[in-house]
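Engineer: So here's target_22.csv (CSV, C-alpha atoms).
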chain,number,residue,atom,x,y,z
U,161,MET,CA,0.0,0.0,0.0
U,162,LYS,CA,1.4,3.3,-1.0
U,163,ARG,CA,1.7,5.7,1.9
U,164,PHE,CA,1.0,9.4,1.5
U,165,ALA,CA,2.2,12.1,3.8
U,166,PRO,CA,-0.7,14.5,3.4
U,167,PHE,CA,-0.2,18.1,4.5
U,168,VAL,CA,-3.4,20.1,4.8
U,169,LEU,CA,-3.7,23.8,4.6
U,170,ALA,CA,-6.6,24.3,6.9
U,171,ALA,CA,-7.6,27.9,6.6
U,172,ILE,CA,-10.4,28.3,9.1
U,173,VAL,CA,-11.9,31.6,9.7
U,174,LEU,CA,-12.6,31.8,13.4
U,175,GLY,CA,-12.6,35.5,14.1
U,176,ILE,CA,-9.0,35.6,15.3
U,177,ALA,CA,-8.6,38.3,18.0
U,178,GLY,CA,-6.2,41.0,17.4
U,179,CYS,CA,-5.8,44.4,15.9
U,180,ALA,CA,-6.0,44.6,12.1
U,181,ASN,CA,-3.7,47.5,12.1
U,182,ASP,CA,-0.8,45.7,13.8
U,183,ALA,CA,2.2,45.0,11.6
U,184,VAL,CA,2.6,41.4,10.6
U,185,ARG,CA,6.3,40.3,10.7
U,186,VAL,CA,6.4,36.6,10.5
U,187,PRO,CA,9.2,34.6,8.7
U,188,THR,CA,8.1,31.8,6.4
U,189,ALA,CA,8.8,28.2,7.5
U,190,PRO,CA,12.5,27.2,7.2
U,191,ILE,CA,13.4,26.6,3.6
U,192,ARG,CA,16.6,24.9,2.5
U,193,SER,CA,17.9,27.8,0.5
U,194,PRO,CA,18.3,31.2,2.2
U,195,SER,CA,17.5,32.9,-1.1
U,196,LEU,CA,14.0,31.4,-0.9
U,197,ARG,CA,13.2,32.7,2.6
U,198,ALA,CA,10.9,35.8,2.5
U,199,THR,CA,9.6,37.9,5.3
U,200,VAL,CA,6.4,39.9,4.9
U,201,ILE,CA,6.5,43.2,6.7
U,202,PHE,CA,3.5,45.4,6.4
U,203,SER,CA,0.3,46.3,8.2
U,204,ALA,CA,-3.0,44.4,7.5
U,205,CYS,CA,-4.9,46.0,4.6
U,206,SER,CA,-1.9,48.3,3.7
U,207,SER,CA,-1.2,49.6,0.3
U,208,GLN,CA,2.3,48.0,0.5
U,209,GLY,CA,0.7,44.6,1.1
U,210,HIS,CA,-1.7,45.1,-1.8
U,211,ASP,CA,1.1,46.2,-4.1
U,212,GLN,CA,3.2,43.2,-3.2
U,213,SER,CA,0.3,40.9,-3.7
U,214,ASN,CA,-0.4,42.5,-7.1
U,215,ALA,CA,3.3,42.1,-8.2
U,216,GLU,CA,3.3,38.4,-7.2
U,217,ARG,CA,-0.1,37.7,-8.9
U,218,ASP,CA,1.1,39.4,-12.1
U,219,ALA,CA,4.2,37.2,-12.1
U,220,LEU,CA,2.3,34.0,-11.4
U,221,PHE,CA,-0.6,34.2,-13.9
U,222,SER,CA,-1.0,34.9,-17.5
U,223,GLU,CA,-4.3,35.8,-19.3
U,224,PRO,CA,-7.1,34.8,-19.1
U,225,TYR,CA,-6.2,33.5,-15.6
U,226,LEU,CA,-4.7,36.8,-14.6
U,227,THR,CA,-8.0,38.6,-15.1
U,228,GLU,CA,-9.8,35.9,-13.1
U,229,ALA,CA,-7.2,36.2,-10.3
U,230,ARG,CA,-7.6,40.0,-10.2
U,231,ASN,CA,-11.4,39.7,-10.1
U,232,LEU,CA,-11.2,37.2,-7.2
U,233,TRP,CA,-8.8,39.5,-5.4
U,234,ASN,CA,-10.9,42.7,-5.7
U,235,PRO,CA,-13.4,41.7,-2.9
U,236,VAL,CA,-10.4,41.2,-0.6
U,237,LYS,CA,-9.0,44.6,-1.4
U,238,ASP,CA,-12.4,46.3,-1.4
U,239,ASN,CA,-13.5,44.9,2.0
U,240,CYS,CA,-10.2,44.8,3.9
U,241,ASN,CA,-10.5,48.1,5.7
U,242,SER,CA,-14.3,48.1,6.1
U,243,ASN,CA,-15.2,44.4,6.7
U,244,LEU,CA,-12.2,42.2,7.5
U,245,GLY,CA,-14.3,39.1,7.9
U,246,VAL,CA,-15.6,39.4,4.3
U,247,ALA,CA,-12.1,40.1,3.1
U,248,ARG,CA,-10.7,37.0,4.8
U,249,GLU,CA,-13.4,34.8,3.3
U,250,ALA,CA,-12.7,36.3,-0.2
U,251,MET,CA,-9.0,35.7,0.3
U,252,LEU,CA,-9.7,32.0,1.1
U,253,THR,CA,-11.7,31.8,-2.2
U,254,TYR,CA,-8.7,33.2,-4.0
U,255,VAL,CA,-6.4,30.7,-2.3
U,256,GLN,CA,-8.5,27.8,-3.6
U,257,PHE,CA,-8.4,29.4,-7.1
U,258,THR,CA,-4.6,29.4,-6.9
U,259,ILE,CA,-4.6,25.7,-6.0
U,260,ASP,CA,-7.0,24.9,-8.8
U,261,ALA,CA,-4.9,27.0,-11.3
U,262,LEU,CA,-1.7,25.2,-10.3
U,263,ARG,CA,-3.3,21.8,-10.7
U,264,ALA,CA,-4.5,22.8,-14.2
U,265,GLY,CA,-1.0,24.0,-15.2
U,266,HIS,CA,-1.8,27.7,-15.2
U,267,VAL,CA,0.7,29.1,-12.7
U,268,ASN,CA,3.9,30.6,-14.1
U,269,LEU,CA,7.4,30.3,-12.5
U,270,PRO,CA,8.3,33.9,-11.8
U,271,ALA,CA,11.6,35.2,-13.1
U,272,PRO,CA,14.3,35.5,-10.5
U,273,ASP,CA,13.8,38.5,-8.3
U,274,VAL,CA,10.0,38.7,-8.9
U,275,PRO,CA,9.2,39.6,-6.1
U,276,PRO,CA,12.5,41.3,-5.3
U,277,GLY,CA,15.1,39.2,-3.5
U,278,THR,CA,13.6,35.8,-4.4
U,279,ASN,CA,14.6,33.0,-6.6
U,280,PHE,CA,12.0,30.2,-6.6
U,281,PRO,CA,12.9,26.7,-7.7
U,282,SER,CA,9.4,25.8,-8.5
U,283,ARG,CA,5.9,27.1,-9.2
U,284,GLU,CA,4.8,25.5,-5.9
U,285,ALA,CA,7.4,27.5,-3.9
U,286,ALA,CA,6.3,30.7,-5.6
U,287,LEU,CA,2.7,30.0,-5.0
U,288,VAL,CA,3.3,29.2,-1.3
U,289,ASN,CA,5.2,32.5,-0.9
U,290,HIS,CA,2.2,34.3,-2.5
U,291,TRP,CA,-0.1,32.7,0.1
U,292,ASN,CA,2.2,34.1,2.8
U,293,THR,CA,1.7,37.6,1.4
U,294,MET,CA,-2.1,37.2,1.1
U,295,PHE,CA,-2.6,35.9,4.6
U,296,ALA,CA,-0.5,38.8,6.0
U,297,TYR,CA,-2.5,41.2,4.0
U,298,VAL,CA,-5.7,40.3,5.8
U,299,GLY,CA,-4.0,40.3,9.2
U,300,TYR,CA,-3.5,36.5,9.6
U,301,PRO,CA,-0.1,35.0,10.4
U,302,GLU,CA,1.7,33.6,7.4
U,303,PRO,CA,1.0,29.9,7.0
U,304,GLY,CA,4.6,29.3,6.1
U,305,LEU,CA,3.9,25.9,4.5
U,306,PRO,CA,6.5,24.0,2.6
U,307,PRO,CA,6.0,23.8,-1.2
U,308,ASP,CA,5.6,20.0,-0.8
U,309,VAL,CA,2.0,20.5,0.2
U,310,LEU,CA,1.3,21.1,-3.5
U,311,LEU,CA,3.2,18.1,-4.8
U,312,ALA,CA,1.8,14.6,-5.4
U,313,GLY,CA,1.4,13.0,-2.0
U,314,GLY,CA,0.8,16.3,-0.4
U,315,ALA,CA,-2.5,18.1,0.0
U,316,ALA,CA,-3.7,21.7,0.1
U,317,GLY,CA,-7.1,23.1,0.1
U,318,VAL,CA,-9.3,25.6,1.9
U,319,ILE,CA,-11.5,24.6,4.8
U,320,THR,CA,-13.8,27.4,6.0
U,321,GLN,CA,-16.5,27.5,8.7
U,322,GLY,CA,-19.0,26.6,6.0
U,323,THR,CA,-17.0,23.6,4.8
U,324,GLU,CA,-17.2,20.1,6.3
U,325,ASN,CA,-13.9,18.9,7.8
U,326,ARG,CA,-12.2,16.6,5.3
U,327,GLU,CA,-8.8,15.5,4.3
U,328,LEU,CA,-7.7,16.9,0.9
U,329,LYS,CA,-5.3,15.1,-1.3
U,330,ILE,CA,-3.8,16.2,-4.6
U,331,PRO,CA,-5.3,16.1,-7.2
U,332,SER,CA,-8.6,16.4,-5.5
U,333,ALA,CA,-7.8,19.5,-3.4
Could I get this file's structure written as structure tokens?
Structural biologist:
Amino acid sequence: MKRFAPFVLAAIVLGIAGCANDAVRVPTAPIRSPSLRATVIFSACSSQGHDQSNAERDALFSEPYLTEARNLWNPVKDNCNSNLGVAREAMLTYVQFTIDALRAGHVNLPAPDVPPGTNFPSREAALVNHWNTMFAYVGYPEPGLPPDVLLAGGAAGVITQGTENRELKIPSA
């Protein structure tokens, strides 16, 4: 029997206590190469976080998926300062879109230094870095997951309050 070591990105919106205006400064999980380690430093809902997310999204997706990614991100941006709960739910919808796009082969490997100071060895590593930015943008700690969650044998998916608990495995995530 083939054994799988599933990793689950369980993004559960529970109304985490804390001030949305506090700066988020959390390093990503340890990565083998120091050139892959990124730290997100900006306040929740800040223009800097939005700009960083846009730069990453523009590097990760090509048309027509880039337009869809932007359309899914708009509710996050539009609600972040006024209704953080709605922004967080919209961000989780966007995360699931990125997982589906990767599985369908529609995620690009960004050129070195996009975003600045990075050199991603894989699409999976670039996408996980993008998740760190998105989570920080809505005031959550970075998940800091290894890129392996997106490889065969790993698992990644979004589980919200409205989703039944379940184990997600690639390619069904």
Engineer: Name the closest residue to Tyr225 of chain U among the candidates U:Ala250, U:His266, U:Gln256, U:His210; distances are taken between atoms, counting all atoms listed in the file.
Structural biologist: U:His266
Engineer: With a cut-off of 9 Å, could you pull out the residues of segment 203-237 of chain U touching segment 282-297 of chain U and give me the nearest pair of atoms for each, distance in Å to one decimal, using all atoms listed in the file, ordered by chain and ascending number, as CSV?
Structural biologist:
residue,atom,partner,partner_atom,distance
U:Ser203,CA,U:Tyr297,CA,7.2
U:Ala204,CA,U:Tyr297,CA,4.8
U:Cys205,CA,U:Tyr297,CA,5.4
U:Ser206,CA,U:Tyr297,CA,7.1
U:Gly209,CA,U:Tyr297,CA,5.5
U:His210,CA,U:Tyr297,CA,7.0
U:Gln212,CA,U:Thr293,CA,7.4
U:Ser213,CA,U:Thr293,CA,6.2
U:Glu216,CA,U:His290,CA,6.3
U:Arg217,CA,U:His290,CA,7.6
U:Leu220,CA,U:Leu287,CA,7.6
Engineer: Store the residues of this selection in a file with C-alpha atoms, as a PDB file, keeping the file's coordinate frame.
Structural biologist:
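For reference, out-v4.pdb as written:
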ATOM      1  CA  SER U 203       0.300  46.300   8.200  1.00  0.00           C
ATOM      2  CA  ALA U 204      -3.000  44.400   7.500  1.00  0.00           C
ATOM      3  CA  CYS U 205      -4.900  46.000   4.600  1.00  0.00           C
ATOM      4  CA  SER U 206      -1.900  48.300   3.700  1.00  0.00           C
ATOM      5  CA  GLY U 209       0.700  44.600   1.100  1.00  0.00           C
ATOM      6  CA  HIS U 210      -1.700  45.100  -1.800  1.00  0.00           C
ATOM      7  CA  GLN U 212       3.200  43.200  -3.200  1.00  0.00           C
ATOM      8  CA  SER U 213       0.300  40.900  -3.700  1.00  0.00           C
ATOM      9  CA  GLU U 216       3.300  38.400  -7.200  1.00  0.00           C
ATOM     10  CA  ARG U 217      -0.100  37.700  -8.900  1.00  0.00           C
ATOM     11  CA  LEU U 220       2.300  34.000 -11.400  1.00  0.00           C
TER      12      LEU U 220
END
Engineer: Using Å and a single decimal, report how far atom CA of Leu305 of chain U sits from atom CA of Asn231 of chain U.
Structural biologist: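 Going from atom CA of Asn231 of chain U over to atom CA of Leu305 of chain U covers 25.3 Å.
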Engineer: Hey, which of U:Ala316, U:Val309, U:Val298, U:Ala264 ends up closest to Leu244 of chain U? Count only C-alpha atoms.
Structural biologist: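 Going through U:Ala316, U:Val309, U:Val298, U:Ala264 one by one, the smallest distance to Leu244 of chain U is for U:Val298.
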Engineer: I'd like the interatomic distance between atom CA of Asn241 of chain U and atom CA of Ala261 of chain U, to a tenth of an Å.
Structural biologist: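 For atom CA of Asn241 of chain U relative to atom CA of Ala261 of chain U, the distance reads 27.7 Å.
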Engineer: If you measure from atom CA of Arg248 of chain U to atom CA of Gly314 of chain U, what distance in Å do you get, rounded to one decimal?
Structural biologist: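 One can read the atom CA of Arg248 of chain U to atom CA of Gly314 of chain U distance as 24.2 Å.
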Engineer: Find, counting all atoms listed in the file, the residue in U:Ile201, U:Val236, U:Ala215, U:Ala247 that gets nearest to Asp273 of chain U.
Structural biologist: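 Comparing U:Ile201, U:Val236, U:Ala215, U:Ala247 against Asp273 of chain U, the winner is U:Ala215.
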Engineer: Taking into account only C-alpha atoms, which residue in the set U:Pro235, U:Pro281, U:Pro272, U:Gly317 is nearest to Phe257 of chain U?
Structural biologist: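 So, comparing all the options, the nearest one is U:Gly317.
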